[in-house]
>>> print(open('structure.pdb').read())   # PDB, C-alpha atoms
ATOM      1  CA  MET A   1     -23.743  -7.647  21.903
ATOM      2  CA  GLU A   2     -21.576  -6.441  24.759
ATOM      3  CA  ILE A   3     -20.166  -2.920  24.978
ATOM      4  CA  ILE A   4     -18.457  -0.943  27.735
ATOM      5  CA  TYR A   5     -20.728   1.867  28.946
ATOM      6  CA  GLN A   6     -19.410   4.275  31.579
ATOM      7  CA  GLY A   7     -16.647   1.776  32.381
ATOM      8  CA  LYS A   8     -18.960  -1.211  32.922
ATOM      9  CA  LYS A   9     -20.011  -4.077  30.676
ATOM     10  CA  ALA A  10     -23.469  -3.645  29.168
ATOM     11  CA  GLU A  11     -25.523  -5.990  27.009
ATOM     12  CA  THR A  12     -27.583  -4.453  24.227
ATOM     13  CA  ASP A  13     -29.509  -5.231  21.065
ATOM     14  CA  ALA A  14     -29.291  -1.592  19.946
ATOM     15  CA  ALA A  15     -27.767  -0.985  16.525
ATOM     16  CA  THR A  16     -26.619   2.610  17.069
ATOM     17  CA  VAL A  17     -25.310   4.838  19.835
ATOM     18  CA  ALA A  18     -28.483   6.945  19.628
ATOM     19  CA  GLU A  19     -30.712   3.885  20.012
ATOM     20  CA  PHE A  20     -28.716   2.587  22.992
ATOM     21  CA  LEU A  21     -28.763   5.911  24.833
ATOM     22  CA  ALA A  22     -32.459   6.489  24.101
ATOM     23  CA  GLY A  23     -33.218   3.078  25.590
ATOM     24  CA  LEU A  24     -31.521   4.198  28.797
ATOM     25  CA  GLY A  25     -33.383   7.509  28.805
ATOM     26  CA  VAL A  26     -30.149   9.478  28.389
ATOM     27  CA  ARG A  27     -30.729  12.950  26.983
ATOM     28  CA  THR A  28     -27.812  13.892  24.778
ATOM     29  CA  ILE A  29     -28.933  17.452  24.026
ATOM     30  CA  ALA A  30     -26.495  18.803  26.658
ATOM     31  CA  ALA A  31     -24.003  15.955  26.805
ATOM     32  CA  LEU A  32     -20.642  15.158  25.314
ATOM     33  CA  VAL A  33     -20.626  11.586  24.016
ATOM     34  CA  GLU A  34     -17.318   9.771  23.680
ATOM     35  CA  TYR A  35     -17.467   6.685  21.479
ATOM     36  CA  LYS A  36     -14.376   4.649  20.635
ATOM     37  CA  GLY A  37     -12.147   7.507  21.792
ATOM     38  CA  VAL A  38     -13.812  10.173  19.640
ATOM     39  CA  ALA A  39     -15.767  13.022  21.248
ATOM     40  CA  HIS A  40     -19.154  13.958  19.766
ATOM     41  CA  SER A  41     -20.690  17.323  20.636
ATOM     42  CA  PRO A  42     -24.284  17.898  21.679
ATOM     43  CA  GLY A  43     -26.360  18.004  18.519
ATOM     44  CA  ASP A  44     -24.186  15.545  16.565
ATOM     45  CA  ASP A  45     -26.103  12.799  14.744
ATOM     46  CA  LEU A  46     -25.506   9.768  16.973
ATOM     47  CA  SER A  47     -27.823   7.638  14.848
ATOM     48  CA  ALA A  48     -25.019   7.491  12.288
ATOM     49  CA  LEU A  49     -22.731   5.725  14.801
ATOM     50  CA  ALA A  50     -23.139   1.949  14.623
ATOM     51  CA  LEU A  51     -22.438   0.127  17.881
ATOM     52  CA  GLU A  52     -19.633  -2.409  17.712
ATOM     53  CA  GLU A  53     -18.916  -5.377  19.983
ATOM     54  CA  GLY A  54     -16.593  -4.366  22.828
ATOM     55  CA  ALA A  55     -16.595  -0.648  21.971
ATOM     56  CA  GLU A  56     -16.362   1.910  24.770
ATOM     57  CA  LEU A  57     -19.072   4.541  25.215
ATOM     58  CA  ASN A  58     -19.065   7.339  27.784
ATOM     59  CA  VAL A  59     -21.454  10.227  28.363
ATOM     60  CA  PHE A  60     -20.452  13.457  30.097
ATOM     61  CA  HIS A  61     -23.235  15.878  31.017
ATOM     62  CA  MET A  62     -22.494  19.580  30.646
ATOM     63  CA  VAL A  63     -22.808  21.625  33.824
ATOM     64  CA  ALA A  64     -22.573  25.381  33.775
TER      65      ALA A  64
END
>>> encode(input="structure.pdb", output="structure tokens")
Amino acid sequence: MEIIYQGKKAETDAATVAEFLAGLGVRTIAALVEYKGVAHSPGDDLSALALEEGAELNVFHMVA
């Protein structure tokens, strides 16, 4: 399926947001994940978010 990750088209076979990000080596422990316009805090269960064709996914890393 094709999604939009960080503003660019990305092909994936991942079923969930967590699976997709893990495949990229993205650590979400200190990141805000925006999926389909909804912000998910660090620690949220991203394995419950099923990826959908054409959906937008962005990751913002927290910097103190």
>>> residues_around(input="structure.pdb", residues="stretch 29-46 of chain A", least_positions_apart="6", cutoff="6 Å", atoms="all atoms listed in the file", output="list in words")
Val17, Ala18, Ala55, Glu56, Leu57, Asn58, Val59, Phe60, His61 and Met62 of chain A
>>> write_last_selection(input="structure.pdb", atoms="C-alpha atoms", output="short mmCIF file (atom, residue, chain, number, x, y, z; two decimals), in the coordinates of the input")
data_model
loop_
_atom_site.label_atom_id
_atom_site.label_comp_id
_atom_site.auth_asym_id
_atom_site.auth_seq_id
_atom_site.Cartn_x
_atom_site.Cartn_y
_atom_site.Cartn_z
CA VAL A 17 -25.31 4.84 19.84
CA ALA A 18 -28.48 6.94 19.63
CA ALA A 55 -16.60 -0.65 21.97
CA GLU A 56 -16.36 1.91 24.77
CA LEU A 57 -19.07 4.54 25.22
CA ASN A 58 -19.07 7.34 27.78
CA VAL A 59 -21.45 10.23 28.36
CA PHE A 60 -20.45 13.46 30.10
CA HIS A 61 -23.24 15.88 31.02
CA MET A 62 -22.49 19.58 30.65
#
>>> atom_distance(input="structure.pdb", atom1="atom CA of A:Glu53", atom2="atom CA of A:Ile4")
8.9 Å
>>> atom_distance(input="structure.pdb", atom1="atom CA of A:Val63", atom2="atom CA of A:Leu21")
19.1 Å
>>> closest_residue(input="structure.pdb", among="A:Ala10, A:Ile3, A:Ala15, A:Val26", to="A:Leu49", atoms="only C-alpha atoms")
A:Ala15
>>> atom_distance(input="structure.pdb", atom1="atom CA of A:Phe20", atom2="atom CA of A:Ala50")
10.1 Å
>>> residues_around(input="structure.pdb", residues="A:Glu19", least_positions_apart="3", cutoff="10 Å", atoms="all atoms listed in the file", output="MDAnalysis selection string")
chainID A and resid 12:16 22:25 46:47 49:51
